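Colleague: What follows is upload.cif, made up of mmCIF, C-alpha atoms:
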```
data_query
loop_
_atom_site.label_atom_id
_atom_site.label_comp_id
_atom_site.auth_asym_id
_atom_site.auth_seq_id
_atom_site.Cartn_x
_atom_site.Cartn_y
_atom_site.Cartn_z
CA MET A 275 44.38 16.47 4.98
CA PRO A 276 47.38 16.06 2.72
CA GLY A 277 47.03 14.51 -0.69
CA MET A 278 43.25 14.52 -0.80
CA VAL A 279 41.78 15.64 -4.05
CA PHE A 280 39.64 18.61 -3.14
CA LEU A 281 39.67 20.68 -6.27
CA PRO A 282 38.30 17.94 -8.55
CA GLY A 283 35.77 17.16 -5.79
CA PHE A 284 34.59 20.77 -5.73
CA LEU A 285 34.44 20.82 -9.51
CA LEU A 286 32.30 17.69 -9.66
CA LEU A 287 29.97 19.01 -6.99
CA ALA A 288 29.69 22.31 -8.83
CA LEU A 289 28.97 20.44 -12.05
CA LEU A 290 26.23 18.37 -10.45
CA LEU A 291 24.59 21.48 -9.02
CA GLN A 292 25.02 23.24 -12.35
CA VAL A 293 22.96 20.74 -14.33
CA THR A 294 20.28 20.31 -11.70
CA VAL A 295 19.64 22.99 -9.12
CA VAL A 296 21.18 26.07 -10.74
CA ASP A 297 18.41 26.04 -13.33
CA LEU A 298 16.01 27.10 -10.56
CA ILE A 299 17.73 30.49 -10.41
CA ARG A 300 17.62 31.06 -14.14
CA ILE A 301 16.82 34.70 -14.95
CA ARG A 302 15.75 35.55 -18.51
CA GLY A 303 17.40 32.41 -19.78
CA VAL A 304 20.74 33.12 -18.08
CA VAL A 305 22.38 31.15 -15.26
CA PRO A 306 25.67 31.61 -13.42
CA ASP A 307 28.30 28.99 -14.15
CA LEU A 308 29.49 27.53 -10.84
CA VAL A 309 32.24 25.52 -12.50
CA PHE A 310 33.52 28.59 -14.31
CA ILE A 311 33.59 30.62 -11.12
CA LEU A 312 35.65 27.93 -9.39
CA VAL A 313 38.08 27.95 -12.30
CA VAL A 314 38.42 31.74 -12.04
CA PHE A 315 39.12 31.49 -8.31
CA TYR A 316 41.71 28.78 -8.78
CA ALA A 317 43.43 30.48 -11.72
CA PHE A 318 43.66 33.70 -9.72
CA TRP A 319 45.25 31.89 -6.78
CA LYS A 320 47.61 29.61 -8.66
CA GLY A 321 48.59 31.38 -11.86
CA GLN A 322 48.41 30.80 -15.58
CA ARG A 323 49.71 27.26 -15.89
CA GLU A 324 47.35 25.82 -13.27
CA GLY A 325 44.53 28.07 -14.44
CA THR A 326 44.75 26.95 -18.04
CA PHE A 327 45.10 23.28 -17.17
CA TRP A 328 42.22 23.18 -14.73
CA GLY A 329 40.13 25.41 -16.96
CA PHE A 330 40.56 22.86 -19.70
CA VAL A 331 39.76 19.92 -17.41
CA ALA A 332 36.75 21.60 -15.83
CA GLY A 333 35.42 22.69 -19.20
CA LEU A 334 35.90 19.22 -20.60
CA LEU A 335 33.98 17.74 -17.65
CA GLU A 336 31.13 20.13 -18.33
CA ASP A 337 31.18 19.11 -21.99
CA LEU A 338 31.23 15.39 -21.21
CA VAL A 339 28.22 15.73 -18.94
CA SER A 340 26.24 17.63 -21.51
CA GLY A 341 27.14 14.86 -23.94
CA HIS A 342 27.87 17.14 -26.88
CA TYR A 343 30.36 19.55 -28.38
CA TRP A 344 33.23 18.06 -26.39
CA GLY A 345 35.90 20.69 -26.29
CA LEU A 346 33.66 23.76 -26.44
CA ASN A 347 33.75 24.59 -22.75
CA ALA A 348 37.20 23.04 -22.47
CA ILE A 349 38.71 25.60 -24.82
CA SER A 350 36.78 28.63 -23.60
CA MET A 351 37.43 27.89 -19.93
CA ALA A 352 41.09 27.15 -20.59
CA ALA A 353 41.37 30.54 -22.27
CA ALA A 354 39.61 32.25 -19.37
CA GLY A 355 41.90 30.43 -16.92
CA TYR A 356 44.91 31.61 -18.88
CA LEU A 357 43.75 35.23 -18.81
CA VAL A 358 42.83 35.22 -15.13
CA GLY A 359 46.07 33.49 -14.20
CA TRP A 360 48.00 36.42 -15.59
CA PHE A 361 46.68 38.49 -12.66
CA GLU A 362 47.92 36.10 -10.00
CA THR A 363 50.92 38.17 -9.04
CA ARG A 364 49.42 41.49 -9.96
CA LEU A 365 46.28 41.90 -7.89
CA TYR A 366 45.32 41.85 -4.24
CA LYS A 367 43.72 38.52 -3.39
CA GLU A 368 41.77 39.52 -0.31
CA SER A 369 39.38 41.84 -2.09
CA ARG A 370 35.86 40.80 -3.02
CA LEU A 371 35.58 43.72 -5.41
CA VAL A 372 38.69 42.70 -7.31
CA MET A 373 37.31 39.19 -7.70
CA MET A 374 33.97 40.54 -8.84
CA VAL A 375 35.51 42.64 -11.61
CA LEU A 376 37.89 39.86 -12.57
CA THR A 377 35.04 37.35 -12.82
CA PHE A 378 33.04 39.76 -14.95
CA LEU A 379 35.91 40.26 -17.40
CA ALA A 380 36.82 36.57 -17.39
CA THR A 381 33.23 35.62 -18.21
CA VAL A 382 33.06 38.14 -21.03
CA ALA A 383 36.32 36.82 -22.49
CA GLY A 384 35.38 33.16 -22.06
CA GLN A 385 31.89 33.64 -23.46
CA LEU A 386 33.18 35.59 -26.46
CA ILE A 387 35.43 32.67 -27.33
CA TYR A 388 32.50 30.30 -26.76
CA TYR A 389 30.37 32.45 -29.10
CA LEU A 390 33.04 32.37 -31.82
CA LEU A 391 33.36 28.62 -31.47
CA LEU A 392 29.59 28.36 -31.93
CA PHE A 393 30.05 29.88 -35.38
CA TYR A 394 32.57 27.17 -36.13
CA LEU A 395 29.90 24.65 -35.06
CA GLN A 396 27.46 26.31 -37.46
CA VAL A 397 25.27 27.65 -34.69
CA VAL A 398 24.70 31.21 -35.80
CA ILE A 399 23.47 33.77 -33.30
CA SER A 400 23.38 37.47 -34.07
CA PRO A 401 26.04 39.49 -32.20
CA GLY A 402 23.56 41.88 -30.64
CA VAL A 403 21.47 39.08 -29.18
CA ALA A 404 24.60 37.24 -28.08
CA LEU A 405 26.07 40.24 -26.32
CA MET A 406 22.98 41.71 -24.69
CA GLY A 407 21.06 38.52 -24.19
CA VAL A 408 23.74 36.12 -23.01
CA ILE A 409 27.30 37.38 -22.58
CA LEU A 410 26.77 40.52 -20.51
CA PRO A 411 23.98 39.13 -18.30
CA ALA A 412 26.01 35.95 -17.71
CA ALA A 413 29.05 38.04 -16.77
CA ALA A 414 26.99 40.11 -14.34
CA TYR A 415 25.42 37.03 -12.78
CA ASN A 416 28.78 35.29 -12.41
CA ALA A 417 30.34 38.43 -10.94
CA LEU A 418 27.53 38.76 -8.41
CA LEU A 419 27.77 35.15 -7.33
CA SER A 420 31.56 35.23 -7.10
CA ALA A 421 31.39 38.32 -4.88
CA LEU A 422 29.00 36.48 -2.59
CA ILE A 423 31.01 33.27 -2.20
CA TYR A 424 34.60 34.39 -2.70
CA ARG A 425 35.56 35.10 0.87
CA ARG A 426 34.46 31.69 2.11
CA PHE A 427 36.32 29.90 -0.65
CA TYR A 428 39.46 31.98 -0.22
CA ARG A 429 39.54 31.05 3.47
CA LEU A 430 39.16 27.38 2.55
CA TYR A 431 42.00 27.77 0.09
CA LEU A 432 44.26 29.31 2.71
CA ARG A 433 43.53 26.35 4.95
CA GLY A 434 44.67 23.96 2.23
CA TRP A 435 41.31 22.69 1.01
CA PHE A 436 42.14 23.17 -2.67
CA ARG A 437 45.17 20.95 -2.62
CA VAL A 438 45.36 18.53 -5.49
CA SER A 439 47.32 15.34 -4.97
CA ARG A 440 50.38 15.34 -7.16
CA LEU A 441 50.45 12.00 -8.88
CA MET B 134 59.57 21.12 -22.34
CA THR B 135 61.03 23.92 -24.37
CA SER B 136 58.58 26.65 -25.14
CA GLY B 137 58.62 25.73 -28.85
CA LYS B 138 57.59 22.18 -28.07
CA ARG B 139 55.00 23.43 -25.60
CA LEU B 140 53.42 25.69 -28.22
CA PHE B 141 53.36 22.83 -30.71
CA PHE B 142 51.69 20.58 -28.17
CA LEU B 143 49.09 23.23 -27.40
CA VAL B 144 48.30 23.75 -31.05
CA ILE B 145 47.84 20.01 -31.55
CA LEU B 146 45.58 19.88 -28.51
CA LEU B 147 43.54 22.77 -29.88
CA VAL B 148 43.14 21.14 -33.27
CA VAL B 149 42.11 17.84 -31.69
CA ALA B 150 39.63 19.63 -29.45
CA LEU B 151 38.12 21.46 -32.42
CA TYR B 152 37.76 18.21 -34.31
CA VAL B 153 36.17 16.36 -31.40
CA MET B 154 33.85 19.31 -30.80
CA ARG B 155 32.58 19.04 -34.33
CA ILE B 156 32.02 15.34 -34.36
CA THR B 157 30.23 15.28 -31.00
CA ALA B 158 27.62 17.73 -32.23
CA HIS B 159 24.11 16.40 -31.91
CA GLY B 160 23.27 13.61 -34.27
CA ARG B 161 26.63 13.53 -35.97
CA VAL B 162 27.95 10.46 -34.33
CA GLU B 163 26.31 7.99 -31.99
CA VAL B 164 27.42 8.80 -28.47
CA PRO B 165 30.29 6.38 -27.86
CA PRO B 166 29.55 3.64 -25.31
CA LEU B 167 31.78 5.26 -22.70
CA GLY B 168 29.94 8.55 -23.03
CA ASN B 169 26.69 6.59 -22.91
CA THR B 170 27.42 4.98 -19.56
CA LEU B 171 28.85 8.21 -18.15
CA VAL B 172 25.70 10.12 -19.02
CA ASP B 173 23.43 7.33 -17.75
CA ALA B 174 25.24 7.02 -14.45
CA PHE B 175 25.25 10.75 -14.05
CA GLY B 176 21.59 10.72 -14.95
CA THR B 177 20.55 8.82 -11.84
CA VAL B 178 22.42 11.26 -9.63
CA GLU B 179 20.98 14.18 -11.58
CA GLN B 180 17.49 12.88 -11.00
CA ALA B 181 17.96 12.68 -7.25
CA VAL B 182 19.49 16.13 -6.99
CA THR B 183 16.87 17.72 -9.22
CA ARG B 184 14.11 16.27 -7.06
CA ALA B 185 15.83 17.51 -3.92
CA GLY B 186 16.25 20.94 -5.46
CA ARG B 187 12.60 21.15 -6.45
CA LEU B 188 11.54 20.04 -2.99
CA ALA B 189 13.70 22.76 -1.48
CA ARG B 190 12.24 25.33 -3.82
CA ASP B 191 8.69 24.23 -3.03
CA VAL B 192 9.31 24.35 0.71
CA PHE B 193 10.87 27.78 0.37
CA THR B 194 8.09 29.25 -1.74
CA PHE B 195 5.24 27.58 0.18
CA PRO B 196 4.57 30.50 2.58
CA PHE B 197 4.56 32.91 -0.37
CA SER B 198 2.10 30.77 -2.25
CA LEU B 199 -0.31 30.71 0.67
CA VAL B 200 -0.79 34.45 0.54
CA ARG B 201 -3.14 34.60 -2.39
CA ALA B 202 -4.24 31.00 -2.18
CA SER B 203 -7.95 31.46 -1.57
CA GLN B 204 -8.30 34.18 -4.18
CA ARG B 205 -6.49 32.04 -6.72
CA ALA B 206 -8.72 29.09 -5.84
CA GLN B 207 -11.75 31.22 -6.62
CA GLU B 208 -10.27 32.47 -9.92
CA LEU B 209 -9.28 28.97 -10.96
CA SER B 210 -12.67 27.53 -10.14
CA GLU B 211 -14.36 30.14 -12.31
CA ARG B 212 -11.90 29.41 -15.10
CA VAL B 213 -12.61 25.70 -14.85
CA ASP B 214 -16.33 26.33 -15.26
CA LEU B 215 -15.64 28.45 -18.34
CA LEU B 216 -13.28 25.86 -19.82
CA GLU B 217 -15.73 23.04 -19.18
CA SER B 218 -18.43 24.80 -21.17
CA GLU B 219 -15.94 25.53 -23.96
CA LEU B 220 -14.95 21.89 -23.93
CA GLN B 221 -18.57 20.83 -24.26
CA GLN B 222 -18.94 23.12 -27.23
CA ALA B 223 -15.75 21.76 -28.77
CA ARG B 224 -17.09 18.22 -28.37
CA GLU B 225 -20.23 19.25 -30.22
CA TYR B 226 -18.08 20.60 -33.06
CA GLN B 227 -16.03 17.45 -33.07
CA LEU B 228 -19.09 15.26 -33.41
CA GLU B 229 -20.50 17.45 -36.14
CA ASN B 230 -17.11 17.35 -37.88
CA GLU B 231 -17.15 13.54 -37.77
CA ARG B 232 -20.66 13.40 -39.20
CA LEU B 233 -19.84 15.79 -42.03
CA LYS B 234 -16.61 13.99 -42.83
CA ARG B 235 -18.43 10.73 -43.12
CA LEU B 236 -20.95 12.37 -45.42
CA LEU B 237 -18.15 13.62 -47.65
CA ASP B 238 -16.13 10.43 -47.28
CA PHE B 239 -13.19 12.62 -46.27
CA GLN B 240 -9.85 11.39 -44.92
CA SER B 241 -8.67 13.69 -42.17
CA GLY B 242 -5.11 14.57 -41.16
CA PRO B 243 -3.24 12.87 -38.36
CA ALA B 244 -3.92 15.10 -35.37
CA ALA B 245 -7.62 15.70 -35.99
CA SER B 246 -9.10 12.62 -34.39
CA SER B 247 -6.18 10.24 -34.18
CA HIS B 248 -4.60 9.25 -30.94
CA LEU B 249 -1.04 10.00 -30.01
CA GLU B 250 0.92 7.31 -28.24
CA LEU B 251 2.63 9.05 -25.38
CA ALA B 252 5.36 8.18 -22.94
CA ALA B 253 5.64 10.31 -19.82
CA ALA B 254 9.11 11.25 -18.66
CA ALA B 255 10.52 13.35 -15.85
CA VAL B 256 12.92 16.21 -16.46
CA ILE B 257 16.14 15.39 -14.61
CA GLY B 258 18.48 18.06 -15.80
CA ARG B 259 19.08 21.08 -17.97
CA ASP B 260 21.91 22.29 -20.16
CA PRO B 261 24.53 23.85 -17.94
CA GLY B 262 24.96 27.06 -19.93
CA SER B 263 23.03 30.13 -20.96
CA TRP B 264 23.27 29.72 -24.74
CA PHE B 265 21.25 26.61 -25.33
CA SER B 266 17.91 25.33 -24.12
CA THR B 267 17.87 21.61 -23.70
CA ILE B 268 16.54 19.29 -21.03
CA THR B 269 17.50 15.78 -20.09
CA ILE B 270 14.68 13.32 -19.46
CA ASN B 271 14.81 10.01 -17.65
CA LYS B 272 13.75 7.80 -20.54
CA GLY B 273 16.00 6.70 -23.37
CA ARG B 274 16.51 4.08 -26.06
CA ALA B 275 15.69 1.27 -23.65
CA GLN B 276 12.21 2.74 -23.21
CA GLY B 277 11.64 3.23 -26.93
CA ILE B 278 12.60 6.87 -27.23
CA LYS B 279 14.09 7.73 -30.61
CA THR B 280 15.70 10.83 -32.06
CA ASN B 281 13.34 13.41 -33.60
CA MET B 282 10.32 12.32 -31.57
CA THR B 283 8.09 15.26 -30.70
CA VAL B 284 7.89 16.21 -27.02
CA ILE B 285 4.83 17.96 -25.62
CA THR B 286 2.92 18.72 -22.46
CA PRO B 287 -0.86 19.13 -22.30
CA ARG B 288 -0.31 22.87 -22.69
CA GLY B 289 1.62 22.69 -25.92
CA LEU B 290 4.83 21.95 -27.78
CA VAL B 291 8.01 21.50 -25.80
CA GLY B 292 10.53 20.41 -28.43
CA ARG B 293 12.03 17.32 -30.01
CA VAL B 294 14.46 14.61 -29.01
CA ILE B 295 17.92 15.29 -30.42
CA SER B 296 19.93 12.51 -28.89
CA THR B 297 19.48 9.45 -26.74
CA THR B 298 21.50 7.21 -24.48
CA SER B 299 20.10 3.97 -23.22
CA GLN B 300 18.50 5.47 -20.10
CA THR B 301 18.21 9.17 -20.90
CA ALA B 302 17.39 11.49 -23.78
CA THR B 303 18.19 15.07 -24.60
CA VAL B 304 15.29 17.24 -25.76
CA LEU B 305 15.90 20.40 -27.78
CA LEU B 306 13.40 22.95 -26.48
CA ILE B 307 11.69 25.23 -28.98
CA THR B 308 13.31 28.19 -27.21
CA ASP B 309 16.77 26.96 -28.24
CA PRO B 310 18.36 29.12 -30.98
CA ARG B 311 19.03 25.96 -33.01
CA SER B 312 15.36 25.00 -33.02
CA ALA B 313 13.07 25.78 -35.94
CA VAL B 314 9.45 24.63 -36.06
CA SER B 315 7.34 24.82 -39.17
CA ALA B 316 4.09 26.41 -37.98
CA LEU B 317 0.72 27.88 -38.93
CA VAL B 318 -1.47 30.54 -37.43
CA GLN B 319 -4.45 28.49 -36.28
CA ASP B 320 -7.35 30.52 -37.67
CA SER B 321 -5.90 32.04 -40.82
CA ARG B 322 -3.59 29.09 -41.64
CA THR B 323 -0.81 31.60 -42.35
CA PRO B 324 2.51 29.73 -42.52
CA GLY B 325 5.75 30.68 -40.85
CA MET B 326 8.79 29.32 -39.04
CA VAL B 327 9.05 29.55 -35.26
CA GLU B 328 12.56 29.78 -33.91
CA GLY B 329 14.09 30.17 -30.50
CA ILE B 330 16.13 33.18 -29.46
CA ALA B 331 19.34 32.93 -27.45
CA GLY B 332 18.87 34.46 -24.02
CA GLY B 333 15.50 35.61 -25.25
CA ALA B 334 13.61 35.60 -21.97
CA GLY B 335 11.62 32.62 -23.15
CA ASN B 336 9.90 34.14 -26.16
CA LEU B 337 9.99 32.78 -29.68
CA ARG B 338 10.22 34.46 -33.05
CA MET B 339 8.01 33.54 -35.98
CA ILE B 340 9.65 34.42 -39.26
CA HIS B 341 8.92 34.15 -42.98
CA ILE B 342 5.30 35.16 -42.57
CA PRO B 343 4.15 36.04 -46.10
CA ASN B 344 3.59 39.69 -46.89
CA ASP B 345 0.06 39.24 -48.06
CA MET B 346 -1.14 37.37 -44.97
CA PRO B 347 -0.75 39.70 -42.01
CA VAL B 348 -1.14 38.38 -38.53
CA LYS B 349 -2.11 40.09 -35.31
CA ALA B 350 -1.55 39.83 -31.59
CA GLY B 351 -3.63 37.23 -29.80
CA GLN B 352 -3.66 34.68 -32.60
CA VAL B 353 -2.70 31.13 -31.72
CA VAL B 354 0.17 29.37 -33.51
CA VAL B 355 0.22 25.60 -34.02
CA THR B 356 2.64 23.18 -35.68
CA SER B 357 1.98 22.70 -39.35
CA GLY B 358 3.15 19.09 -39.56
CA THR B 359 3.89 19.38 -43.27
CA SER B 360 5.61 16.40 -44.84
CA ARG B 361 9.04 17.97 -44.44
CA SER B 362 8.45 18.87 -40.81
CA ILE B 363 9.61 16.60 -38.03
CA PHE B 364 6.90 17.66 -35.61
CA ILE B 365 3.41 16.19 -35.31
CA LYS B 366 0.71 18.36 -36.84
CA GLY B 367 -1.58 20.60 -34.88
CA ILE B 368 0.26 20.92 -31.58
CA PRO B 369 -0.25 24.36 -29.99
CA VAL B 370 2.97 26.35 -29.89
CA GLY B 371 2.11 29.76 -28.51
CA GLU B 372 0.32 33.07 -28.87
CA ILE B 373 1.38 36.02 -31.01
CA VAL B 374 2.39 39.01 -28.91
CA SER B 375 3.56 41.55 -31.47
CA VAL B 376 4.19 41.83 -35.21
CA LYS B 377 6.60 43.83 -37.31
CA ARG B 378 8.23 43.75 -40.69
CA ASP B 379 11.48 41.83 -40.85
CA PRO B 380 14.72 43.72 -41.72
CA THR B 381 14.57 42.78 -45.40
CA GLY B 382 10.99 43.96 -45.74
CA LEU B 383 10.00 40.80 -47.56
CA PHE B 384 8.15 39.14 -44.71
CA PHE B 385 6.47 39.79 -41.42
CA GLU B 386 8.03 38.73 -38.19
CA ALA B 387 6.16 38.08 -34.95
CA VAL B 388 7.07 37.56 -31.33
CA VAL B 389 5.33 34.46 -30.00
CA ARG B 390 4.84 33.69 -26.33
CA PRO B 391 4.95 29.89 -25.89
CA PHE B 392 2.09 28.16 -24.08
CA VAL B 393 4.47 25.94 -22.18
CA ASP B 394 6.13 27.46 -19.12
CA PHE B 395 9.72 26.40 -19.69
CA ASN B 396 10.78 27.50 -16.23
CA ARG B 397 8.45 24.98 -14.65
CA LEU B 398 9.01 21.87 -16.77
CA GLU B 399 8.97 18.84 -14.54
CA GLU B 400 7.20 16.21 -16.60
CA VAL B 401 6.87 15.90 -20.35
CA LEU B 402 5.19 13.56 -22.79
CA VAL B 403 7.13 12.06 -25.67
CA VAL B 404 5.09 11.18 -28.74
CA THR B 405 6.24 7.68 -29.54
CA GLY B 406 3.70 7.02 -32.24
CA VAL B 407 0.51 8.12 -33.95
CA ARG B 408 -2.36 5.70 -34.05
CA SER B 409 -4.79 6.31 -36.91
CA PRO B 410 -8.39 5.99 -35.82
CA ALA B 411 -10.29 2.93 -36.92
CA LEU B 412 -12.92 4.41 -39.21
#
```
What does the file become when written as structure tokens?

Modeller:
Amino acid sequence: MPGMVFLPGFLLLALLLQVTVVDLIRIRGVVPDLVFILVVFYAFWKGQREGTFWGFVAGLLEDLVSGHYWGLNAISMAAAGYLVGWFETRLYKESRLVMMVLTFLATVAGQLIYYLLLFYLQVVISPGVALMGVILPAAAYNALLSALIYRRFYRLYLRGWFRVSRL
Amino acid sequence: MTSGKRLFFLVILLVVALYVMRITAHGRVEVPPLGNTLVDAFGTVEQAVTRAGRLARDVFTFPFSLVRASQRAQELSERVDLLESELQQAREYQLENERLKRLLDFQSGPAASSHLELAAAAVIGRDPGSWFSTITINKGRAQGIKTNMTVITPRGLVGRVISTTSQTATVLLITDPRSAVSALVQDSRTPGMVEGIAGGAGNLRMIHIPNDMPVKAGQVVVTSGTSRSIFIKGIPVGEIVSVKRDPTGLFFEAVVRPFVDFNRLEEVLVVTGVRSPAL
């Protein structure tokens, strides 16, 4: 269906699930970030420019919904989108394993930036706790989830479902 | 755009984002009306989806819960009997306390025999990330909820309200790393500060426990409600699990397991006021 906005639709759906249902699968305080995973997928398929832009938009949406720290997720997801986008032309897109590793690294990078921005916001968390308690578990959880859903989403992408209407 | 202009634009965007991030921190600035309506509208959808999600979870776990059902029923019934007799005893102590107070003409503190005005609210959403611990409830300014109100459940302390919109409110849970509750060990009245730990599997840390007042596992921790504290006095917080010296050696530090099960929060009570008893 040409011109239909599917990517923003997916992002909004992911966001809705993220603030409601995803909490049910919280393990030791850590949840996967559905919106982030979608951004990683899209940045990998479309490259740095698209990845950074949509990372920023998706992150900003997540910030707006939480009502606070507008810009926190926007910046960290934009950065992750930028990093992932670099691999667009360099890695094999069919592989679940590649996506899993990429998601893991992207989450670590994005969450490190998030952690540094928290310092700027005067929320101080010790590095050990941050790394072992949040960043690494979140990266593992995201990687696991991305491995599970990647194939389906990649097939949807190939069929044109992630088209965004060019205004 | 030339790459020089593009870089400039990006830097400006970054600076603006950093500024906005700072000013939209909790409590800094009243959520602008646009944000208010966005959050409210989203709130109704959140509520529906959360309910659907819980229903799905309950349906899914129902067969598992049947397995030990009759044994649990037996255990719970025994526990109820035990608690009822403890409650009777507590009532006796309460009555005796009242009599003695009257004899001494003693004015008691707020939580002792006063009544808390409570508003029940449903949890409709949670913070989307893994760093913070906040919940969104379905009551806001229009229902009388104000910032810094204490939030509890019958089991114990949940947190406090950190921001409100007209139809929703955000509650900072005590497990959030930004949360600090001034507390006391119930029996020894040892003071300390209970803070949340990021990604801390739901446990809390009690710090600044004085050197000369050691604490031990099993002791109950309650809010101290001192004049500088935001929280109501005497609300149960949790149970001490382990104790050690803190890195500086000046204080003790304890791990506290909260009484409230934060993974199962569905309804909370917001303390909207404290009614002093008519003596």

Colleague: For the provided coordinates, the residues matched by the PyMOL selection byres ((chain A) within 7 of (chain B)) should be stated as a list in words.

Modeller: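 Going through the file, the PyMOL selection byres ((chain A) within 7 of (chain B)) ends up selecting Leu290, Gln292, Val293, Thr294, Val295, Asp297, Arg302, Gly303, Val304, Val305, Asp307, Val339, Ser340, Gly341, His342, Tyr343, Trp344, Gly345, Leu346, Leu395, Val397, Val403, Ala404, Gly407 and Val408 of chain A.
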
Colleague: Given the file shown, enumerate the residues that the PyMOL selection byres ((chain A and resi 410) around 10) captures and present them as a VMD selection string.

Modeller: chain A and resid 304 378 to 379 381 to 382 385 404 to 409 411 to 416

Colleague: Skipping near chain neighbours, those fewer than 2 positions away, what residues fall within 10 Å of Arg323 in chain A using only C-alpha atoms, listed as a PyMOL selection string?

Modeller: chain A and resi 317+320-321+325-329+352+355-356+359-360

Colleague: What is the CA of Ser375 in chain B to CA of Ile301 in chain A distance in Å?

Modeller: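 Between these atoms lies a distance of 22.3 Å.
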
Colleague: Hey, can you pull every residue with an atom no more than 9 Å from (14.3, 14.4, -31.5), using all atoms listed in the file, and send it as a ChimeraX atom specification?

Modeller: /B:278-284,292-297,302-305,363

Colleague: Extract, using all atoms listed in the file, all DNA, RNA and protein residues at most 12 Å from range 364-370 of chain A, discarding same-chain residues fewer than 2 positions from it, and format them as a PyMOL selection string.

Modeller: chain A and resi 315-321+358-362+372-377+417-429+431-432

Colleague: Quick check, in Å to one decimal: how far apart do CA of Met351 in chain A and CA of Glu328 in chain B lie?

Modeller: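 Spanning CA of Met351 in chain A to CA of Glu328 in chain B is a straight-line distance of 28.6 Å.
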
Colleague: In Å, rounded to a single decimal, give me how far CA of Gln204 in chain B is from CA of Glu217 in chain B.

Modeller: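 Distance reported for this atom pair: 20.1 Å.
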
Colleague: When you count only C-alpha atoms, which of these residues is closest to Glu399 in chain B: B:Asn230, B:Thr286, B:Gln222, B:Thr194?

Modeller: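 Counting only C-alpha atoms, the residue closest to Glu399 in chain B is B:Thr286.
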
Colleague: Please evaluate the PyMOL selection byres ((chain B and resi 385) around 12) against the displayed coordinates and give the resulting residues as a ChimeraX atom specification.

Modeller: /B:323-326,338-349,375-384,386-388

Colleague: Could you dump the residues just selected with C-alpha atoms as a PDB file, keeping the file's coordinate frame?

Modeller:
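Output file result14.pdb is given in full below:
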```pdb
ATOM      1  CA  THR B 323      -0.810  31.600 -42.350  1.00  0.00           C
ATOM      2  CA  PRO B 324       2.510  29.730 -42.520  1.00  0.00           C
ATOM      3  CA  GLY B 325       5.750  30.680 -40.850  1.00  0.00           C
ATOM      4  CA  MET B 326       8.790  29.320 -39.040  1.00  0.00           C
ATOM      5  CA  ARG B 338      10.220  34.460 -33.050  1.00  0.00           C
ATOM      6  CA  MET B 339       8.010  33.540 -35.980  1.00  0.00           C
ATOM      7  CA  ILE B 340       9.650  34.420 -39.260  1.00  0.00           C
ATOM      8  CA  HIS B 341       8.920  34.150 -42.980  1.00  0.00           C
ATOM      9  CA  ILE B 342       5.300  35.160 -42.570  1.00  0.00           C
ATOM     10  CA  PRO B 343       4.150  36.040 -46.100  1.00  0.00           C
ATOM     11  CA  ASN B 344       3.590  39.690 -46.890  1.00  0.00           C
ATOM     12  CA  ASP B 345       0.060  39.240 -48.060  1.00  0.00           C
ATOM     13  CA  MET B 346      -1.140  37.370 -44.970  1.00  0.00           C
ATOM     14  CA  PRO B 347      -0.750  39.700 -42.010  1.00  0.00           C
ATOM     15  CA  VAL B 348      -1.140  38.380 -38.530  1.00  0.00           C
ATOM     16  CA  LYS B 349      -2.110  40.090 -35.310  1.00  0.00           C
ATOM     17  CA  SER B 375       3.560  41.550 -31.470  1.00  0.00           C
ATOM     18  CA  VAL B 376       4.190  41.830 -35.210  1.00  0.00           C
ATOM     19  CA  LYS B 377       6.600  43.830 -37.310  1.00  0.00           C
ATOM     20  CA  ARG B 378       8.230  43.750 -40.690  1.00  0.00           C
ATOM     21  CA  ASP B 379      11.480  41.830 -40.850  1.00  0.00           C
ATOM     22  CA  PRO B 380      14.720  43.720 -41.720  1.00  0.00           C
ATOM     23  CA  THR B 381      14.570  42.780 -45.400  1.00  0.00           C
ATOM     24  CA  GLY B 382      10.990  43.960 -45.740  1.00  0.00           C
ATOM     25  CA  LEU B 383      10.000  40.800 -47.560  1.00  0.00           C
ATOM     26  CA  PHE B 384       8.150  39.140 -44.710  1.00  0.00           C
ATOM     27  CA  GLU B 386       8.030  38.730 -38.190  1.00  0.00           C
ATOM     28  CA  ALA B 387       6.160  38.080 -34.950  1.00  0.00           C
ATOM     29  CA  VAL B 388       7.070  37.560 -31.330  1.00  0.00           C
TER      30      VAL B 388
END
```

Colleague: Mind rebuilding range 140-144 of chain B with N, CA and C atoms and writing that out as a PDB file, in the frame of the given file?

Modeller:
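Full text of rebuild_20.pdb as output:
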```pdb
ATOM      1  N   LEU B 140      54.360  25.032 -27.319  1.00  0.00           N
ATOM      2  CA  LEU B 140      53.420  25.690 -28.220  1.00  0.00           C
ATOM      3  C   LEU B 140      52.864  24.680 -29.221  1.00  0.00           C
ATOM      4  N   PHE B 141      53.770  23.849 -29.750  1.00  0.00           N
ATOM      5  CA  PHE B 141      53.360  22.830 -30.710  1.00  0.00           C
ATOM      6  C   PHE B 141      52.311  21.908 -30.097  1.00  0.00           C
ATOM      7  N   PHE B 142      52.610  21.478 -28.869  1.00  0.00           N
ATOM      8  CA  PHE B 142      51.690  20.580 -28.170  1.00  0.00           C
ATOM      9  C   PHE B 142      50.322  21.228 -27.985  1.00  0.00           C
ATOM     10  N   LEU B 143      50.349  22.514 -27.605  1.00  0.00           N
ATOM     11  CA  LEU B 143      49.090  23.230 -27.400  1.00  0.00           C
ATOM     12  C   LEU B 143      48.280  23.346 -28.686  1.00  0.00           C
ATOM     13  N   VAL B 144      48.994  23.622 -29.774  1.00  0.00           N
ATOM     14  CA  VAL B 144      48.300  23.750 -31.050  1.00  0.00           C
ATOM     15  C   VAL B 144      47.646  22.415 -31.436  1.00  0.00           C
TER      16      VAL B 144
END
```
